[in-house]
Amino acid sequence: MTGVASALVEAWQELWINKTRILLALLGVALSVAALTSVVGVGNLAREGFTASSERNGGRSATLGIGVFGPSQPDPQKLEQAYRGIIQRYGITHYTHVAPAQQPFQFPRGVQQVQLQVVDPGYGVIHRLEVSQGGWFAADDEDRLAPAVVVSEAFYNAAGRPNLITSPKVKLVGTQETTAVMIGVVPDPYPESPPSAYMLTGAAERAGVPGAEFGQFKLWVQDGQANALKAAITSDLQLQFPGMQAQVDRMDYASQGDPFAAVQLAVGGIAGLVLLLGAVGMLNISMVTVRYRVREIGIRRSFGATSRRIFLGVMMESVVATAVAGVAGVMLAVAVVKNPWIESKIAPGLSEYPAFPIEAAMLGLGAAVLVGAIAGAIPAFVAVRVKVIDAIRF
């Protein structure tokens, strides 16, 4: 440890003496490390934003969509029993019906058609819905006399933004008028989107919402179980509904692979090439520095400095220099990636942004140290091969 510590101190002193000569090379290494680290950090942020947006649309990984199709609609009660059997047989925790419907609602300024999604409580978990006010459906909301609805921000504005604590009422207009209670508000999927709302399956059927009994059934399962469950559920439904086609498909984004992997790999390769160019510049500076220190190295060898000590001392100069440059580059990358403006542009679908990935920082710092080791090894070999007599005469 004493030898390593002394080599580090010596390397720092030499860097301080030759700081003007190596400053530009270190600046290139720092910028290269910042580029490489930023690519990983921005890629991670973009992946999180894309994942959140995709999961709101298609469901978490892995989400299976189930349906039975044929010349005529299957019996709703028999189909529901089949779904319940699948839930119990395979131990499914998160599931939901999904049935889109058009339902008129009475607003203060008149009746307006609303896109109503008939769902189960598991829909919020599967589709990663974030509630900005109030709360999402609970299991006992199915038993309410006045059905509960979770509305969009546009719906909430059209209703006059009432206080949710007072259990504000809203009327469903149609052949069977029903008074519902607003319990939560979710953000709009996009700016200027029309009013939309969510209602539980049982409540929608009792309220006479058209089409509530027909729709799709979704399950959230583990990625490793998706293919096996897909085949097993298809076989089960095919046996229960002969003459019809049972269809079970993955609906989440991960079924098509990682869309950012190729792009991030390409940009990371470019950043690595820039880092390699920085290493070449550092190598040139190190070679020049060793040439200027030939006499010093010869004197140290004449006083008993071993080849190992000379090699370690010369190489550690590059390692310490690039490590310092790597720390500066990582700090610059963190400042760029965690900038609020950058976060809002890269991942607009996130309400809470992830921390800067530690693997990106370690990659940048490790790359800097590796560059220093490579750039310092060749000059170190040259320094070790210097003959004492020739060096003193230099």
# chains A, B, ... in the order shown; residues from 1 in each chain; ligands from 1
call {"tool": "residues_around", "arguments": {"residues": "A:Gln81", "least_positions_apart": "6", "cutoff": "12 Å", "atoms": "only C-alpha atoms", "output": "ChimeraX atom specification"}}
result
/A:74-75,87-89,237,240-241
call {"tool": "residues_around", "arguments": {"residues": "A:Ile126", "least_positions_apart": "2", "cutoff": "6 Å", "atoms": "only C-alpha atoms", "output": "ChimeraX atom specification"}}
result
/A:59-60,123-124,128
call {"tool": "write_last_selection", "arguments": {"atoms": "N, CA, C and O atoms", "output": "CSV table (one decimal), in the first residue's frame"}}
result
chain,number,residue,atom,x,y,z
A,59,GLY,N,-50.1,-1.8,-21.6
A,59,GLY,CA,-49.9,-2.5,-20.4
A,59,GLY,C,-48.5,-2.8,-20.1
A,59,GLY,O,-47.6,-2.7,-20.9
A,60,ARG,N,-48.3,-3.3,-18.8
A,60,ARG,CA,-46.9,-3.6,-18.4
A,60,ARG,C,-46.5,-4.9,-19.0
A,60,ARG,O,-47.2,-5.7,-19.6
A,123,TYR,N,-57.0,-2.6,-13.8
A,123,TYR,CA,-56.6,-1.8,-14.9
A,123,TYR,C,-55.6,-0.7,-14.6
A,123,TYR,O,-54.6,-0.5,-15.3
A,124,GLY,N,-55.7,-0.1,-13.4
A,124,GLY,CA,-54.8,1.0,-13.0
A,124,GLY,C,-53.4,0.5,-12.8
A,124,GLY,O,-52.5,1.2,-13.1
A,128,ARG,N,-50.5,1.3,-15.5
A,128,ARG,CA,-49.7,2.3,-14.8
A,128,ARG,C,-50.3,3.7,-14.8
A,128,ARG,O,-49.7,4.7,-15.1
call {"tool": "closest_atom_pairs", "arguments": {"of": "stretch 10-118 of chain A", "to": "stretch 213-226 of chain A", "cutoff": "12 Å", "atoms": "only C-alpha atoms", "output": "tab-separated table"}}
result
residue	atom	partner	partner_atom	distance
A:Glu55	CA	A:Trp220	CA	11.2
A:Gly58	CA	A:Lys218	CA	10.0
A:Gly59	CA	A:Trp220	CA	7.8
A:Arg60	CA	A:Trp220	CA	7.0
A:Ser61	CA	A:Asp223	CA	6.4
A:Ala62	CA	A:Asp223	CA	5.2
A:Thr63	CA	A:Trp220	CA	4.6
A:Leu64	CA	A:Leu219	CA	5.2
A:Gly65	CA	A:Lys218	CA	4.6
A:Ile66	CA	A:Phe217	CA	5.1
A:Gly67	CA	A:Gln216	CA	5.7
A:Val68	CA	A:Gln216	CA	8.9
A:Phe69	CA	A:Gln216	CA	10.8
A:Gln73	CA	A:Phe214	CA	8.6
A:Pro74	CA	A:Phe214	CA	9.4
A:Asp75	CA	A:Phe214	CA	10.0
A:Pro76	CA	A:Glu213	CA	6.7
A:Gln77	CA	A:Glu213	CA	9.3
A:Lys78	CA	A:Glu213	CA	11.9
A:Leu79	CA	A:Phe214	CA	9.9
A:Glu80	CA	A:Glu213	CA	9.4
A:Ala82	CA	A:Phe217	CA	10.9
A:Tyr83	CA	A:Phe217	CA	7.8
A:Arg84	CA	A:Phe217	CA	10.6
A:Ile86	CA	A:Leu219	CA	9.8
A:Ile87	CA	A:Leu219	CA	8.6
A:Tyr90	CA	A:Val221	CA	9.9
A:Gly91	CA	A:Val221	CA	9.7
A:Ile92	CA	A:Leu219	CA	7.1
A:Thr93	CA	A:Trp220	CA	7.7
A:His94	CA	A:Trp220	CA	5.6
A:Tyr95	CA	A:Leu219	CA	4.5
A:Thr96	CA	A:Lys218	CA	5.3
A:His97	CA	A:Phe217	CA	4.5
A:Val98	CA	A:Gln216	CA	5.1
A:Ala99	CA	A:Gly215	CA	4.3
A:Pro100	CA	A:Gly215	CA	7.3
A:Ala101	CA	A:Gly215	CA	9.7
A:Gln117	CA	A:Gly215	CA	10.1
A:Val118	CA	A:Gly215	CA	8.7
call {"tool": "atom_distance", "arguments": {"atom1": "atom CA of A:His127", "atom2": "atom CA of A:Asn57"}}
result
6.6 Å
call {"tool": "select_by_dssp", "arguments": {"residues": "stretch 12-221 of chain A", "states": "helix (DSSP H, G or I)", "output": "PyMOL selection string"}}
result
chain A and resi 12-17+19-58+76-90+122-126+139-143+153-158+164-166+201-206
call {"tool": "atom_distance", "arguments": {"atom1": "atom CA of A:Val131", "atom2": "atom CA of A:Val151"}}
result
9.6 Å
call {"tool": "closest_residue", "arguments": {"among": "A:Ala262, A:Val336, A:Leu116, A:Ile165", "to": "A:Pro210", "atoms": "only C-alpha atoms"}}
result
A:Leu116
call {"tool": "closest_atom_pairs", "arguments": {"of": "stretch 360-385 of chain A", "to": "stretch 30-44 of chain A", "cutoff": "12 Å", "atoms": "only C-alpha atoms", "output": "tab-separated table"}}
result
residue	atom	partner	partner_atom	distance
A:Ala360	CA	A:Thr37	CA	5.3
A:Ala361	CA	A:Thr37	CA	6.2
A:Met362	CA	A:Thr37	CA	8.7
A:Leu363	CA	A:Thr37	CA	7.0
A:Gly364	CA	A:Thr37	CA	5.2
A:Leu365	CA	A:Val33	CA	7.4
A:Gly366	CA	A:Val33	CA	9.5
A:Ala367	CA	A:Val33	CA	7.3
A:Ala368	CA	A:Val33	CA	6.6
A:Val369	CA	A:Val33	CA	10.3
A:Leu370	CA	A:Val33	CA	11.4
A:Val371	CA	A:Val33	CA	10.1
A:Gly372	CA	A:Ala30	CA	11.7
call {"tool": "atom_distance", "arguments": {"atom1": "atom CA of A:Gly110", "atom2": "atom CA of A:Lys171"}}
result
11.1 Å
call {"tool": "closest_residue", "arguments": {"among": "A:Ala375, A:Pro104, A:Ala207, A:Arg309", "to": "A:Leu276", "atoms": "only C-alpha atoms"}}
result
A:Ala375
call {"tool": "select_by_dssp", "arguments": {"residues": "stretch 102-162 of chain A", "states": "strand (DSSP E or B)", "output": "ChimeraX atom specification"}}
result
/A:102-107,110-119,133-134,148-152
call {"tool": "decode", "arguments": {"residues": "stretch 23-58 of chain A", "atoms": "N, CA, C and O atoms", "output": "mmCIF file, in the first residue's frame"}}
result
data_model
loop_
_atom_site.group_PDB
_atom_site.id
_atom_site.type_symbol
_atom_site.label_atom_id
_atom_site.label_comp_id
_atom_site.auth_asym_id
_atom_site.auth_seq_id
_atom_site.Cartn_x
_atom_site.Cartn_y
_atom_site.Cartn_z
ATOM 1 N N LEU A 23 -3.094 19.457 -20.536
ATOM 2 C CA LEU A 23 -4.434 19.970 -20.253
ATOM 3 C C LEU A 23 -5.400 19.714 -21.403
ATOM 4 O O LEU A 23 -6.525 19.268 -21.192
ATOM 5 N N LEU A 24 -4.963 19.990 -22.639
ATOM 6 C CA LEU A 24 -5.858 19.803 -23.783
ATOM 7 C C LEU A 24 -6.205 18.336 -23.990
ATOM 8 O O LEU A 24 -7.344 18.001 -24.335
ATOM 9 N N ALA A 25 -5.232 17.451 -23.774
ATOM 10 C CA ALA A 25 -5.519 16.019 -23.913
ATOM 11 C C ALA A 25 -6.531 15.573 -22.872
ATOM 12 O O ALA A 25 -7.450 14.800 -23.168
ATOM 13 N N LEU A 26 -6.379 16.055 -21.633
ATOM 14 C CA LEU A 26 -7.331 15.698 -20.583
ATOM 15 C C LEU A 26 -8.708 16.288 -20.854
ATOM 16 O O LEU A 26 -9.734 15.687 -20.514
ATOM 17 N N LEU A 27 -8.743 17.476 -21.453
ATOM 18 C CA LEU A 27 -10.036 18.071 -21.803
ATOM 19 C C LEU A 27 -10.771 17.196 -22.813
ATOM 20 O O LEU A 27 -11.991 16.982 -22.705
ATOM 21 N N GLY A 28 -10.027 16.658 -23.784
ATOM 22 C CA GLY A 28 -10.646 15.751 -24.749
ATOM 23 C C GLY A 28 -11.165 14.489 -24.103
ATOM 24 O O GLY A 28 -12.258 14.001 -24.428
ATOM 25 N N VAL A 29 -10.393 13.928 -23.149
ATOM 26 C CA VAL A 29 -10.847 12.734 -22.438
ATOM 27 C C VAL A 29 -12.096 13.041 -21.615
ATOM 28 O O VAL A 29 -13.054 12.254 -21.596
ATOM 29 N N ALA A 30 -12.096 14.195 -20.928
ATOM 30 C CA ALA A 30 -13.251 14.563 -20.099
ATOM 31 C C ALA A 30 -14.508 14.713 -20.944
ATOM 32 O O ALA A 30 -15.592 14.231 -20.576
ATOM 33 N N LEU A 31 -14.381 15.368 -22.096
ATOM 34 C CA LEU A 31 -15.550 15.535 -22.966
ATOM 35 C C LEU A 31 -16.005 14.201 -23.536
ATOM 36 O O LEU A 31 -17.209 13.961 -23.691
ATOM 37 N N SER A 32 -15.069 13.323 -23.851
ATOM 38 C CA SER A 32 -15.431 12.004 -24.368
ATOM 39 C C SER A 32 -16.167 11.190 -23.305
ATOM 40 O O SER A 32 -17.166 10.522 -23.598
ATOM 41 N N VAL A 33 -15.662 11.235 -22.065
ATOM 42 C CA VAL A 33 -16.334 10.524 -20.970
ATOM 43 C C VAL A 33 -17.721 11.113 -20.737
ATOM 44 O O VAL A 33 -18.695 10.381 -20.506
ATOM 45 N N ALA A 34 -17.829 12.451 -20.796
ATOM 46 C CA ALA A 34 -19.139 13.087 -20.628
ATOM 47 C C ALA A 34 -20.107 12.639 -21.714
ATOM 48 O O ALA A 34 -21.284 12.376 -21.446
ATOM 49 N N ALA A 35 -19.608 12.534 -22.956
ATOM 50 C CA ALA A 35 -20.473 12.086 -24.052
ATOM 51 C C ALA A 35 -20.919 10.646 -23.847
ATOM 52 O O ALA A 35 -22.105 10.313 -24.001
ATOM 53 N N LEU A 36 -19.970 9.788 -23.482
ATOM 54 C CA LEU A 36 -20.300 8.376 -23.283
ATOM 55 C C LEU A 36 -21.280 8.194 -22.129
ATOM 56 O O LEU A 36 -22.278 7.465 -22.242
ATOM 57 N N THR A 37 -21.035 8.880 -21.018
ATOM 58 C CA THR A 37 -21.914 8.770 -19.853
ATOM 59 C C THR A 37 -23.281 9.365 -20.140
ATOM 60 O O THR A 37 -24.312 8.824 -19.717
ATOM 61 N N SER A 38 -23.308 10.475 -20.863
ATOM 62 C CA SER A 38 -24.588 11.113 -21.186
ATOM 63 C C SER A 38 -25.435 10.236 -22.089
ATOM 64 O O SER A 38 -26.665 10.191 -21.957
ATOM 65 N N VAL A 39 -24.780 9.521 -23.011
ATOM 66 C CA VAL A 39 -25.528 8.616 -23.894
ATOM 67 C C VAL A 39 -26.249 7.555 -23.078
ATOM 68 O O VAL A 39 -27.437 7.285 -23.283
ATOM 69 N N VAL A 40 -25.529 6.961 -22.120
ATOM 70 C CA VAL A 40 -26.151 5.935 -21.287
ATOM 71 C C VAL A 40 -27.248 6.540 -20.416
ATOM 72 O O VAL A 40 -28.341 5.982 -20.265
ATOM 73 N N GLY A 41 -26.972 7.717 -19.821
ATOM 74 C CA GLY A 41 -27.959 8.353 -18.949
ATOM 75 C C GLY A 41 -29.201 8.789 -19.695
ATOM 76 O O GLY A 41 -30.330 8.545 -19.253
ATOM 77 N N VAL A 42 -29.013 9.442 -20.844
ATOM 78 C CA VAL A 42 -30.161 9.887 -21.638
ATOM 79 C C VAL A 42 -30.926 8.689 -22.184
ATOM 80 O O VAL A 42 -32.166 8.700 -22.241
ATOM 81 N N GLY A 43 -30.192 7.645 -22.582
ATOM 82 C CA GLY A 43 -30.866 6.432 -23.052
ATOM 83 C C GLY A 43 -31.717 5.805 -21.975
ATOM 84 O O GLY A 43 -32.837 5.356 -22.238
ATOM 85 N N ASN A 44 -31.203 5.777 -20.749
ATOM 86 C CA ASN A 44 -31.980 5.226 -19.638
ATOM 87 C C ASN A 44 -33.218 6.077 -19.370
ATOM 88 O O ASN A 44 -34.313 5.549 -19.143
ATOM 89 N N LEU A 45 -33.059 7.413 -19.422
ATOM 90 C CA LEU A 45 -34.197 8.312 -19.201
ATOM 91 C C LEU A 45 -35.233 8.161 -20.303
ATOM 92 O O LEU A 45 -36.447 8.091 -20.037
ATOM 93 N N ALA A 46 -34.765 8.108 -21.561
ATOM 94 C CA ALA A 46 -35.699 7.947 -22.679
ATOM 95 C C ALA A 46 -36.417 6.608 -22.607
ATOM 96 O O ALA A 46 -37.613 6.513 -22.905
ATOM 97 N N ARG A 47 -35.688 5.550 -22.190
ATOM 98 C CA ARG A 47 -36.321 4.237 -22.061
ATOM 99 C C ARG A 47 -37.403 4.255 -20.978
ATOM 100 O O ARG A 47 -38.471 3.669 -21.145
ATOM 101 N N GLU A 48 -37.119 4.945 -19.857
ATOM 102 C CA GLU A 48 -38.125 5.039 -18.795
ATOM 103 C C GLU A 48 -39.359 5.788 -19.271
ATOM 104 O O GLU A 48 -40.491 5.394 -18.993
ATOM 105 N N GLY A 49 -39.141 6.896 -20.001
ATOM 106 C CA GLY A 49 -40.279 7.643 -20.527
ATOM 107 C C GLY A 49 -41.073 6.851 -21.541
ATOM 108 O O GLY A 49 -42.314 6.848 -21.525
ATOM 109 N N PHE A 50 -40.369 6.152 -22.445
ATOM 110 C CA PHE A 50 -41.053 5.331 -23.438
ATOM 111 C C PHE A 50 -41.801 4.185 -22.769
ATOM 112 O O PHE A 50 -42.928 3.855 -23.161
ATOM 113 N N THR A 51 -41.172 3.590 -21.749
ATOM 114 C CA THR A 51 -41.822 2.487 -21.041
ATOM 115 C C THR A 51 -43.101 2.952 -20.369
ATOM 116 O O THR A 51 -44.138 2.281 -20.447
ATOM 117 N N ALA A 52 -43.036 4.113 -19.692
ATOM 118 C CA ALA A 52 -44.229 4.628 -19.016
ATOM 119 C C ALA A 52 -45.345 4.905 -20.014
ATOM 120 O O ALA A 52 -46.513 4.552 -19.792
ATOM 121 N N SER A 53 -44.997 5.545 -21.141
ATOM 122 C CA SER A 53 -46.008 5.855 -22.151
ATOM 123 C C SER A 53 -46.577 4.581 -22.773
ATOM 124 O O SER A 53 -47.793 4.462 -22.973
ATOM 125 N N SER A 54 -45.709 3.620 -23.047
ATOM 126 C CA SER A 54 -46.167 2.372 -23.661
ATOM 127 C C SER A 54 -47.013 1.552 -22.707
ATOM 128 O O SER A 54 -47.999 0.926 -23.113
ATOM 129 N N GLU A 55 -46.640 1.550 -21.424
ATOM 130 C CA GLU A 55 -47.414 0.777 -20.458
ATOM 131 C C GLU A 55 -48.791 1.386 -20.232
ATOM 132 O O GLU A 55 -49.747 0.669 -19.936
ATOM 133 N N ARG A 56 -48.917 2.703 -20.375
ATOM 134 C CA ARG A 56 -50.245 3.308 -20.258
ATOM 135 C C ARG A 56 -51.138 2.901 -21.419
ATOM 136 O O ARG A 56 -52.358 2.830 -21.280
ATOM 137 N N ASN A 57 -50.538 2.637 -22.562
ATOM 138 C CA ASN A 57 -51.327 2.249 -23.739
ATOM 139 C C ASN A 57 -51.554 0.745 -23.821
ATOM 140 O O ASN A 57 -52.695 0.291 -23.966
ATOM 141 N N GLY A 58 -50.472 -0.034 -23.746
ATOM 142 C CA GLY A 58 -50.588 -1.471 -23.970
ATOM 143 C C GLY A 58 -50.496 -2.329 -22.737
ATOM 144 O O GLY A 58 -50.796 -3.520 -22.801
#
